[in-house]
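Engineer: See work.txt below, with compact mmCIF, C-alpha atoms.
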# COMPACT_ATOMS: atom_id res chain seq x y z
CA MET V 1 -25.41 -27.22 69.77
CA ARG V 2 -27.01 -26.90 66.33
CA ASP V 3 -25.52 -23.42 65.97
CA LEU V 4 -22.08 -24.79 66.84
CA GLY V 5 -22.19 -27.12 63.84
CA ALA V 6 -23.74 -24.41 61.65
CA GLY V 7 -20.84 -22.07 62.39
CA PHE V 8 -18.31 -24.70 61.36
CA ARG V 9 -20.28 -25.40 58.18
CA TYR V 10 -20.10 -21.72 57.24
CA LEU V 11 -16.33 -21.92 57.59
CA LEU V 12 -16.26 -24.92 55.24
CA LYS V 13 -18.72 -23.32 52.79
CA GLY V 14 -16.52 -20.26 52.56
CA GLN V 15 -13.49 -22.38 51.70
CA ARG V 16 -15.52 -24.23 49.05
CA TRP V 17 -16.71 -20.94 47.56
CA VAL V 18 -13.19 -19.60 47.01
CA ALA V 19 -12.09 -23.00 45.71
CA ARG V 20 -14.70 -22.59 42.94
CA HIS V 21 -13.62 -19.00 42.26
CA GLY V 22 -9.88 -19.27 41.76
CA ARG V 23 -9.32 -15.69 40.61
CA GLN V 24 -10.93 -14.26 43.75
CA TYR V 25 -8.90 -16.66 45.86
CA GLY V 26 -5.63 -15.58 44.22
CA PHE V 27 -6.28 -11.88 44.83
CA GLY V 28 -7.39 -12.65 48.38
CA LEU V 29 -4.01 -14.24 49.19
CA LEU V 30 -1.99 -11.07 48.59
CA PRO V 31 -2.90 -9.12 51.78
CA GLY V 32 -2.26 -12.18 53.94
CA LEU V 33 1.18 -12.72 52.43
CA ILE V 34 2.15 -9.09 53.07
CA THR V 35 0.92 -9.27 56.67
CA LEU V 36 2.67 -12.60 57.22
CA VAL V 37 6.04 -11.13 56.22
CA LEU V 38 5.55 -8.17 58.58
CA TYR V 39 4.51 -10.36 61.52
CA ALA V 40 7.25 -12.91 60.91
CA ALA V 41 9.85 -10.13 61.02
CA ALA V 42 8.37 -8.81 64.29
CA LEU V 43 8.36 -12.25 65.94
CA VAL V 44 11.92 -12.98 64.82
CA ALA V 45 13.01 -9.66 66.31
CA LEU V 46 11.20 -10.52 69.53
CA ALA V 47 12.94 -13.91 69.68
CA LEU V 48 16.37 -12.37 69.04
CA TRP V 49 16.16 -9.35 71.33
CA GLY V 50 13.43 -10.33 73.78
CA GLU V 51 15.95 -11.46 76.38
CA ASP V 52 17.83 -8.16 76.13
CA PHE V 53 14.57 -6.26 76.58
CA VAL V 54 13.66 -8.29 79.67
CA GLY V 55 17.12 -7.64 81.12
CA TRP V 56 16.71 -3.90 80.51
CA ALA V 57 13.23 -3.90 82.07
CA THR V 58 14.29 -5.78 85.24
CA PRO V 59 17.40 -4.01 86.57
CA PHE V 60 16.34 -4.86 90.12
CA ALA V 61 17.24 -8.50 89.46
CA ASP V 62 20.86 -7.84 88.37
CA ASP V 63 22.27 -8.85 91.74
CA TRP V 64 20.25 -12.04 92.09
CA SER V 65 22.27 -15.21 92.49
CA SER V 66 22.28 -18.12 90.08
CA PRO V 67 20.08 -19.93 89.09
CA TRP V 68 17.26 -17.56 90.14
CA LEU V 69 18.30 -14.74 87.83
CA GLY V 70 18.36 -17.02 84.78
CA LEU V 71 15.09 -18.72 85.70
CA PHE V 72 13.30 -15.43 86.37
CA ARG V 73 14.38 -13.69 83.20
CA GLY V 74 14.01 -16.85 81.11
CA PHE V 75 10.42 -17.17 82.33
CA LEU V 76 9.66 -13.52 81.52
CA THR V 77 11.23 -13.88 78.07
CA ALA V 78 9.04 -16.92 77.36
CA VAL V 79 5.97 -15.04 78.60
CA LEU V 80 6.85 -12.03 76.44
CA PHE V 81 7.13 -14.18 73.33
CA ALA V 82 3.88 -16.03 74.18
CA LEU V 83 2.06 -12.72 74.54
CA GLY V 84 3.51 -11.55 71.24
CA LEU V 85 2.32 -14.74 69.59
CA LEU V 86 -1.16 -14.36 71.10
CA LEU V 87 -1.42 -10.75 69.96
CA SER V 88 -0.21 -11.74 66.49
CA VAL V 89 -3.03 -14.29 66.24
CA VAL V 90 -5.63 -11.82 67.50
CA THR V 91 -4.47 -8.89 65.40
CA PHE V 92 -3.45 -10.77 62.24
CA THR V 93 -7.00 -10.72 60.89
CA ALA V 94 -7.49 -7.02 61.68
CA VAL V 95 -4.24 -5.98 60.00
CA THR V 96 -4.80 -8.25 57.00
CA LEU V 97 -8.33 -6.93 56.52
CA LEU V 98 -7.08 -3.36 56.76
CA ILE V 99 -4.32 -3.94 54.21
CA GLY V 100 -6.64 -5.92 51.95
CA GLN V 101 -9.81 -3.85 52.37
CA PRO V 102 -10.46 -3.39 48.61
CA PHE V 103 -9.73 -7.08 47.91
CA TYR V 104 -11.98 -8.44 50.64
CA GLU V 105 -14.77 -5.93 49.99
CA ASN V 106 -14.86 -7.12 46.39
CA LEU V 107 -14.77 -10.78 47.45
CA SER V 108 -17.56 -10.29 50.00
CA GLU V 109 -19.73 -8.46 47.47
CA LYS V 110 -19.34 -11.29 44.97
CA VAL V 111 -20.38 -13.83 47.63
CA ASP V 112 -23.44 -11.73 48.43
CA ARG V 113 -24.41 -11.52 44.76
CA ASP V 114 -23.82 -15.24 44.31
CA VAL V 115 -26.13 -16.33 47.14
CA SER V 116 -28.70 -13.52 47.01
CA PRO V 117 -31.95 -14.61 45.29
CA ASP V 118 -32.06 -11.31 43.38
CA GLY V 119 -28.31 -11.11 42.77
CA HIS V 120 -28.06 -7.95 44.85
CA ALA V 121 -25.16 -7.04 47.14
CA PRO V 122 -25.60 -4.27 49.73
CA GLU V 123 -23.25 -1.33 49.33
CA SER V 124 -22.24 1.24 51.92
CA GLY V 125 -22.01 4.10 49.44
CA LEU V 126 -19.01 5.47 51.35
CA PRO V 127 -15.73 6.51 49.70
CA LEU V 128 -12.78 4.16 50.16
CA TRP V 129 -10.94 6.47 52.58
CA ARG V 130 -14.02 6.59 54.83
CA GLU V 131 -14.35 2.79 54.81
CA LEU V 132 -10.66 2.43 55.68
CA TRP V 133 -11.02 4.89 58.56
CA ILE V 134 -14.05 3.06 59.98
CA SER V 135 -12.32 -0.30 59.60
CA ALA V 136 -9.13 0.94 61.31
CA ARG V 137 -11.07 2.60 64.14
CA ASP V 138 -13.23 -0.47 64.82
CA SER V 139 -10.25 -2.81 64.54
CA LEU V 140 -8.37 -0.80 67.15
CA ARG V 141 -11.33 -1.06 69.52
CA ILE V 142 -11.45 -4.81 69.02
CA VAL V 143 -7.69 -5.17 69.56
CA VAL V 144 -7.96 -3.25 72.85
CA ARG V 145 -10.77 -5.54 74.01
CA ALA V 146 -8.78 -8.62 72.95
CA ALA V 147 -5.67 -7.35 74.74
CA LEU V 148 -7.62 -6.86 77.98
CA TRP V 149 -8.92 -10.42 77.71
CA GLY V 150 -5.38 -11.60 77.02
CA VAL V 151 -4.05 -9.96 80.19
CA LEU V 152 -6.91 -11.43 82.23
CA LEU V 153 -6.40 -14.93 80.86
CA PHE V 154 -2.64 -14.64 81.32
CA GLY V 155 -3.20 -13.93 85.01
CA CYS V 156 -5.65 -16.82 85.32
CA GLY V 157 -3.03 -19.07 83.74
CA PHE V 158 -1.16 -19.16 87.04
CA ILE V 159 -4.10 -20.86 88.80
CA PRO V 160 -3.09 -24.50 89.38
CA VAL V 161 -4.82 -27.08 87.13
CA VAL V 162 -7.46 -24.60 85.89
CA GLY V 163 -4.78 -22.42 84.34
CA GLN V 164 -3.41 -25.32 82.34
CA THR V 165 -6.76 -26.84 81.25
CA VAL V 166 -9.77 -24.52 81.31
CA VAL V 167 -8.01 -21.21 80.61
CA PRO V 168 -6.49 -22.27 77.22
CA VAL V 169 -9.93 -23.43 76.04
CA ILE V 170 -11.48 -20.12 77.07
CA GLY V 171 -8.61 -18.35 75.34
CA PHE V 172 -9.35 -20.05 72.02
CA CYS V 173 -13.07 -19.25 72.37
CA VAL V 174 -12.33 -15.59 73.09
CA THR V 175 -9.87 -15.39 70.19
CA GLY V 176 -12.41 -17.09 67.92
CA PHE V 177 -15.08 -14.56 68.89
CA PHE V 178 -12.90 -11.58 68.02
CA LEU V 179 -11.70 -13.20 64.80
CA THR V 180 -15.31 -13.71 63.76
CA GLU V 181 -16.16 -10.10 64.56
CA GLU V 182 -13.35 -8.86 62.34
CA LEU V 183 -14.33 -11.16 59.48
CA THR V 184 -18.08 -10.51 59.57
CA ALA V 185 -17.35 -6.78 59.76
CA VAL V 186 -16.45 -6.84 56.04
CA ALA V 187 -20.05 -7.71 55.11
CA LEU V 188 -21.77 -5.91 57.99
CA GLN V 189 -19.99 -2.59 57.43
CA ARG V 190 -21.35 -2.57 53.88
CA ARG V 191 -24.78 -2.78 55.52
CA SER V 192 -23.92 0.17 57.79
CA VAL V 193 -24.05 -1.98 60.94
CA GLU V 194 -22.03 -0.25 63.64
CA LEU V 195 -19.55 -2.01 65.93
CA ARG V 196 -21.79 -2.02 69.00
CA THR V 197 -24.64 -3.56 67.02
CA ARG V 198 -22.28 -6.12 65.47
CA LEU V 199 -21.09 -7.22 68.90
CA THR V 200 -24.69 -7.52 70.11
CA LEU V 201 -25.54 -9.67 67.08
CA LEU V 202 -22.60 -11.97 67.69
CA ARG V 203 -23.30 -12.28 71.42
CA SER V 204 -26.88 -13.30 70.62
CA ARG V 205 -25.52 -16.34 68.71
CA LYS V 206 -22.37 -17.22 70.69
CA THR V 207 -22.34 -20.92 69.77
CA LEU V 208 -22.63 -20.04 66.07
CA VAL V 209 -19.67 -17.66 66.46
CA TRP V 210 -17.62 -20.22 68.40
CA GLY V 211 -18.32 -22.90 65.81
CA PHE V 212 -16.93 -20.60 63.12
CA GLY V 213 -14.17 -18.73 64.93
CA THR V 214 -12.67 -21.21 67.38
CA PRO V 215 -11.48 -23.77 64.76
CA LEU V 216 -10.15 -20.82 62.77
CA ALA V 217 -8.23 -19.53 65.80
CA VAL V 218 -6.66 -22.96 66.30
CA ALA V 219 -5.78 -23.22 62.60
CA PHE V 220 -4.22 -19.74 62.62
CA LEU V 221 -1.61 -20.98 65.10
CA VAL V 222 -0.07 -23.07 62.33
CA PRO V 223 2.41 -21.01 60.29
CA PHE V 224 1.15 -19.91 56.84
CA VAL V 225 -2.29 -21.49 57.36
CA ALA V 226 -3.90 -18.13 58.12
CA VAL V 227 -2.78 -16.76 54.76
CA PHE V 228 -4.44 -19.55 52.79
CA LEU V 229 -7.61 -19.64 54.89
CA MET V 230 -8.28 -15.89 54.94
CA PRO V 231 -10.12 -15.58 51.59
CA GLY V 232 -12.40 -18.50 52.44
CA ALA V 233 -12.89 -17.17 55.98
CA VAL V 234 -14.11 -13.84 54.55
CA ALA V 235 -16.48 -15.70 52.21
CA GLY V 236 -17.82 -17.88 55.03
CA ALA V 237 -18.20 -14.87 57.33
CA THR V 238 -20.28 -13.15 54.65
CA LEU V 239 -22.63 -16.13 54.56
CA MET V 240 -22.84 -16.10 58.34
CA ALA V 241 -23.54 -12.37 58.37
CA ARG V 242 -26.58 -13.00 56.17
CA ASP V 243 -27.73 -15.63 58.67
CA LEU V 244 -27.30 -13.23 61.60
CA LEU V 245 -29.41 -10.60 59.84
CA GLY V 246 -32.05 -13.08 58.70
CA GLU V 247 -31.32 -12.54 55.01
CA GLU V 248 -32.28 -15.18 52.49
CA ILE V 249 -29.56 -17.41 51.09
CA ASP V 250 -30.03 -19.04 47.71
CA GLU V 251 -28.43 -22.45 48.12
CA GLY V 252 -28.57 -22.88 44.34
CA GLY V 253 -25.99 -20.13 43.98
CA GLU V 254 -23.91 -21.22 46.94
CA ALA V 255 -23.97 -24.99 46.63
CA GLY V 256 -24.91 -25.71 43.06
CA ASP V 257 -28.48 -26.96 43.54
CA GLN V 258 -31.79 -25.19 42.98
CA ALA V 259 -33.04 -25.22 46.53
CA ALA V 260 -33.26 -22.02 48.55
CA THR V 261 -32.95 -21.65 52.27
CA THR V 262 -34.38 -18.78 54.26
CA PHE V 263 -32.92 -18.32 57.69
CA PRO V 264 -35.39 -17.24 60.35
CA GLN V 265 -35.68 -13.54 61.05
CA PRO V 266 -34.15 -12.40 64.33
CA PRO V 267 -36.63 -12.07 67.18
CA SER V 268 -38.15 -8.66 67.73
CA GLY V 269 -35.68 -7.91 70.53
CA SER V 270 -32.64 -8.54 68.32
CA PRO V 271 -30.73 -5.56 66.95
CA ALA V 272 -31.34 -4.48 63.39
CA PRO V 273 -28.84 -2.94 61.03
CA GLY V 274 -28.32 0.73 61.59
CA ARG V 275 -25.91 3.57 61.14
How does this structure look as structure tokens?

Structural biologist:
Amino acid sequence: MRDLGAGFRYLLKGQRWVARHGRQYGFGLLPGLITLVLYAAALVALALWGEDFVGWATPFADDWSSPWLGLFRGFLTAVLFALGLLLSVVTFTAVTLLIGQPFYENLSEKVDRDVSPDGHAPESGLPLWRELWISARDSLRIVVRAALWGVLLFGCGFIPVVGQTVVPVIGFCVTGFFLTEELTAVALQRRSVELRTRLTLLRSRKTLVWGFGTPLAVAFLVPFVAVFLMPGAVAGATLMARDLLGEEIDEGGEAGDQAATTFPQPPSGSPAPGR
């Protein structure tokens, strides 16, 4: 349970960091605003023409009598919009990070320098096009995994009682996990940590990940909130990435005092950064 609270504290620390660095915060808002406009247009289109799409996709129901035809297609339209909303939450971070790669890389590096005892920030040494390719490739893999989970949880949602109580909670935890992976990837990719290793790191500290990602997933359901939280989420994820790798964090740089905290090194069985 200690990790659960630690994850939430990293989320708050990230928001405090960008609050103290207004210029970085301002630049970090731009990718989120662009993505928000694109997603809002897609959801509006889905709301306007979703019913027509369902009607086109279910010609076998054309001869059904009332009210079954309306109930059936109305239910499918609602499900289609709900799935679109779920995918927008899951993929919003990936698309925003891809659009804002240079912005968030710069922000993450500044956080690293700010909290590193020697003022050093790891660098990948890769050209921008290569970093964008790796980010897009890994994001697609994560979206596929998230979509599979979404289909599974959607099916479980029809289970009486459990589908209306337990399944939504699991859904937020799953969404929070994948959001955290996308956000920590900004810092971990600069350390040449591959996707498989990143997932292993996160699975080794699930409660830490849930403490960070689940509240963020809930907050992202509120319109516009994701845009304003993204810069701080990237900053907080950078701090958490240092924790996951056992890197020292200078609390004097991060919190304004002179104390320094060293997080314990991962056990010998834990994965280490690698290409």

Engineer: Rank V:Ser204, V:Gln24, V:Ser66, V:Thr96 by their smallest atom-to-atom distance to Lys110 (chain V), using only C-alpha atoms, and report the top residue only.

Structural biologist: V:Gln24

Engineer: Residues within 9 Å of Val234 (chain V), please, as a tab-separated table (two decimals) with C-alpha atoms, in the coordinates of the input. Count only C-alpha atoms; anything in the same chain fewer than 6 positions from it doesn't count.

Structural biologist:
chain	number	residue	atom	x	y	z
V	11	LEU	CA	-16.33	-21.92	57.59
V	14	GLY	CA	-16.52	-20.26	52.56
V	104	TYR	CA	-11.98	-8.44	50.64
V	107	LEU	CA	-14.77	-10.78	47.45
V	108	SER	CA	-17.56	-10.29	50.00
V	183	LEU	CA	-14.33	-11.16	59.48
V	184	THR	CA	-18.08	-10.51	59.57
V	186	VAL	CA	-16.45	-6.84	56.04
V	187	ALA	CA	-20.05	-7.71	55.11

Engineer: Provide an axis-aligned box for all listed atoms of region 66-73 of chain V, padding each side by 5 Å; report its centre and its edge lengths in Å to one decimal, as JSON.

Structural biologist:
{"center_x": 17.8, "center_y": -16.8, "center_z": 86.7, "size_x": 19.0, "size_y": 16.2, "size_z": 16.9}

Engineer: Restricting the calculation to only C-alpha atoms: of V:Ala40, V:Leu229, V:Leu46, V:Ile34, which residue gets closest to Thr77 (chain V)?

Structural biologist: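 Closest to Thr77 (chain V), using only C-alpha atoms: V:Leu46.
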
Engineer: Quote the spacing between CA of Ala185 (chain V) and CA of Ala233 (chain V) in Å to one decimal place.

Structural biologist: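 The value is 11.9 Å.
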
Engineer: Per residue of region 125-200 of chain V within 10 Å of region 211-223 of chain V, which atom pair is closest and at what distance in Å (one decimal), using only C-alpha atoms, listed by chain and increasing number, as CSV?

Structural biologist:
residue,atom,partner,partner_atom,distance
V:Val169,CA,V:Thr214,CA,9.4
V:Ile170,CA,V:Thr214,CA,9.8
V:Gly171,CA,V:Thr214,CA,9.4
V:Phe172,CA,V:Thr214,CA,5.8
V:Cys173,CA,V:Thr214,CA,5.4
V:Val174,CA,V:Thr214,CA,8.0
V:Thr175,CA,V:Ala217,CA,6.3
V:Gly176,CA,V:Gly213,CA,3.8
V:Phe177,CA,V:Gly213,CA,5.8
V:Phe178,CA,V:Gly213,CA,7.9
V:Leu179,CA,V:Gly213,CA,6.1
V:Thr180,CA,V:Gly213,CA,5.3
V:Glu181,CA,V:Gly213,CA,8.9
V:Leu183,CA,V:Gly213,CA,9.3

Engineer: Atoms to include: C-alpha atoms. Write the selected residues as a tab-separated table (two decimals), in the frame of the given file.

Structural biologist:
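Okay, again_14.tsv is ready:
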chain	number	residue	atom	x	y	z
V	169	VAL	CA	-9.93	-23.43	76.04
V	170	ILE	CA	-11.48	-20.12	77.07
V	171	GLY	CA	-8.61	-18.35	75.34
V	172	PHE	CA	-9.35	-20.05	72.02
V	173	CYS	CA	-13.07	-19.25	72.37
V	174	VAL	CA	-12.33	-15.59	73.09
V	175	THR	CA	-9.87	-15.39	70.19
V	176	GLY	CA	-12.41	-17.09	67.92
V	177	PHE	CA	-15.08	-14.56	68.89
V	178	PHE	CA	-12.90	-11.58	68.02
V	179	LEU	CA	-11.70	-13.20	64.80
V	180	THR	CA	-15.31	-13.71	63.76
V	181	GLU	CA	-16.16	-10.10	64.56
V	183	LEU	CA	-14.33	-11.16	59.48

Engineer: Using only C-alpha atoms, which residue out of V:Leu132, V:Leu244, V:Ala47, V:Asp250 lies closest to Arg198 (chain V)?

Structural biologist: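 Ranked by minimum distance to Arg198 (chain V), first place goes to V:Leu244.
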
Engineer: Since the input is missing atoms, can you rebuild all heavy atoms for region 211-222 of chain V and write them as a JSON list (two decimals), in the coordinates of the input?

Structural biologist:
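Just written: rebuild_19.json:
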[["chain", "number", "residue", "atom", "x", "y", "z"],
["V", 211, "GLY", "N", -18.46, -21.85, 66.80],
["V", 211, "GLY", "CA", -18.32, -22.90, 65.81],
["V", 211, "GLY", "C", -17.54, -22.45, 64.59],
["V", 211, "GLY", "O", -16.83, -23.23, 63.95],
["V", 212, "PHE", "N", -17.66, -21.17, 64.27],
["V", 212, "PHE", "CA", -16.93, -20.60, 63.12],
["V", 212, "PHE", "C", -15.53, -20.16, 63.51],
["V", 212, "PHE", "O", -14.54, -20.50, 62.85],
["V", 212, "PHE", "CB", -17.72, -19.41, 62.56],
["V", 212, "PHE", "CG", -17.08, -18.76, 61.37],
["V", 212, "PHE", "CD1", -17.40, -19.17, 60.09],
["V", 212, "PHE", "CD2", -16.18, -17.71, 61.52],
["V", 212, "PHE", "CE1", -16.83, -18.57, 58.97],
["V", 212, "PHE", "CE2", -15.59, -17.11, 60.42],
["V", 212, "PHE", "CZ", -15.91, -17.53, 59.15],
["V", 213, "GLY", "N", -15.43, -19.39, 64.60],
["V", 213, "GLY", "CA", -14.17, -18.73, 64.93],
["V", 213, "GLY", "C", -13.16, -19.56, 65.68],
["V", 213, "GLY", "O", -11.95, -19.39, 65.48],
["V", 214, "THR", "N", -13.62, -20.46, 66.56],
["V", 214, "THR", "CA", -12.67, -21.21, 67.38],
["V", 214, "THR", "C", -11.79, -22.15, 66.54],
["V", 214, "THR", "O", -10.56, -22.17, 66.72],
["V", 214, "THR", "CB", -13.40, -21.99, 68.48],
["V", 214, "THR", "OG1", -14.17, -21.08, 69.27],
["V", 214, "THR", "CG2", -12.41, -22.71, 69.38],
["V", 215, "PRO", "N", -12.36, -22.95, 65.62],
["V", 215, "PRO", "CA", -11.48, -23.77, 64.76],
["V", 215, "PRO", "C", -10.53, -22.91, 63.94],
["V", 215, "PRO", "O", -9.38, -23.29, 63.69],
["V", 215, "PRO", "CB", -12.46, -24.53, 63.86],
["V", 215, "PRO", "CG", -13.76, -24.50, 64.57],
["V", 215, "PRO", "CD", -13.79, -23.20, 65.32],
["V", 216, "LEU", "N", -11.00, -21.72, 63.54],
["V", 216, "LEU", "CA", -10.15, -20.82, 62.77],
["V", 216, "LEU", "C", -8.99, -20.31, 63.63],
["V", 216, "LEU", "O", -7.85, -20.22, 63.16],
["V", 216, "LEU", "CB", -10.98, -19.66, 62.25],
["V", 216, "LEU", "CG", -10.41, -18.83, 61.10],
["V", 216, "LEU", "CD1", -10.19, -19.72, 59.88],
["V", 216, "LEU", "CD2", -11.35, -17.69, 60.76],
["V", 217, "ALA", "N", -9.29, -19.99, 64.89],
["V", 217, "ALA", "CA", -8.23, -19.53, 65.80],
["V", 217, "ALA", "C", -7.17, -20.61, 66.01],
["V", 217, "ALA", "O", -5.97, -20.31, 66.04],
["V", 217, "ALA", "CB", -8.85, -19.12, 67.14],
["V", 218, "VAL", "N", -7.61, -21.85, 66.13],
["V", 218, "VAL", "CA", -6.66, -22.96, 66.30],
["V", 218, "VAL", "C", -5.82, -23.13, 65.03],
["V", 218, "VAL", "O", -4.60, -23.29, 65.08],
["V", 218, "VAL", "CB", -7.41, -24.26, 66.62],
["V", 218, "VAL", "CG1", -6.44, -25.44, 66.66],
["V", 218, "VAL", "CG2", -8.14, -24.14, 67.96],
["V", 219, "ALA", "N", -6.49, -23.05, 63.87],
["V", 219, "ALA", "CA", -5.78, -23.22, 62.60],
["V", 219, "ALA", "C", -4.77, -22.09, 62.38],
["V", 219, "ALA", "O", -3.69, -22.31, 61.81],
["V", 219, "ALA", "CB", -6.78, -23.26, 61.44],
["V", 220, "PHE", "N", -5.11, -20.89, 62.84],
["V", 220, "PHE", "CA", -4.22, -19.74, 62.62],
["V", 220, "PHE", "C", -2.92, -19.86, 63.40],
["V", 220, "PHE", "O", -1.98, -19.10, 63.14],
["V", 220, "PHE", "CB", -4.94, -18.45, 63.01],
["V", 220, "PHE", "CG", -5.79, -17.87, 61.91],
["V", 220, "PHE", "CD1", -6.20, -18.66, 60.85],
["V", 220, "PHE", "CD2", -6.20, -16.55, 61.95],
["V", 220, "PHE", "CE1", -7.00, -18.14, 59.83],
["V", 220, "PHE", "CE2", -6.99, -16.01, 60.94],
["V", 220, "PHE", "CZ", -7.39, -16.81, 59.88],
["V", 221, "LEU", "N", -2.86, -20.78, 64.37],
["V", 221, "LEU", "CA", -1.61, -20.98, 65.10],
["V", 221, "LEU", "C", -0.56, -21.68, 64.26],
["V", 221, "LEU", "O", 0.63, -21.62, 64.55],
["V", 221, "LEU", "CB", -1.88, -21.81, 66.37],
["V", 221, "LEU", "CG", -2.67, -21.11, 67.48],
["V", 221, "LEU", "CD1", -2.93, -22.08, 68.62],
["V", 221, "LEU", "CD2", -1.93, -19.88, 67.99],
["V", 222, "VAL", "N", -0.99, -22.37, 63.21],
["V", 222, "VAL", "CA", -0.07, -23.07, 62.33],
["V", 222, "VAL", "C", 0.50, -22.08, 61.32],
["V", 222, "VAL", "O", -0.28, -21.37, 60.65],
["V", 222, "VAL", "CB", -0.76, -24.23, 61.59],
["V", 222, "VAL", "CG1", 0.22, -24.98, 60.71],
["V", 222, "VAL", "CG2", -1.44, -25.16, 62.59]]
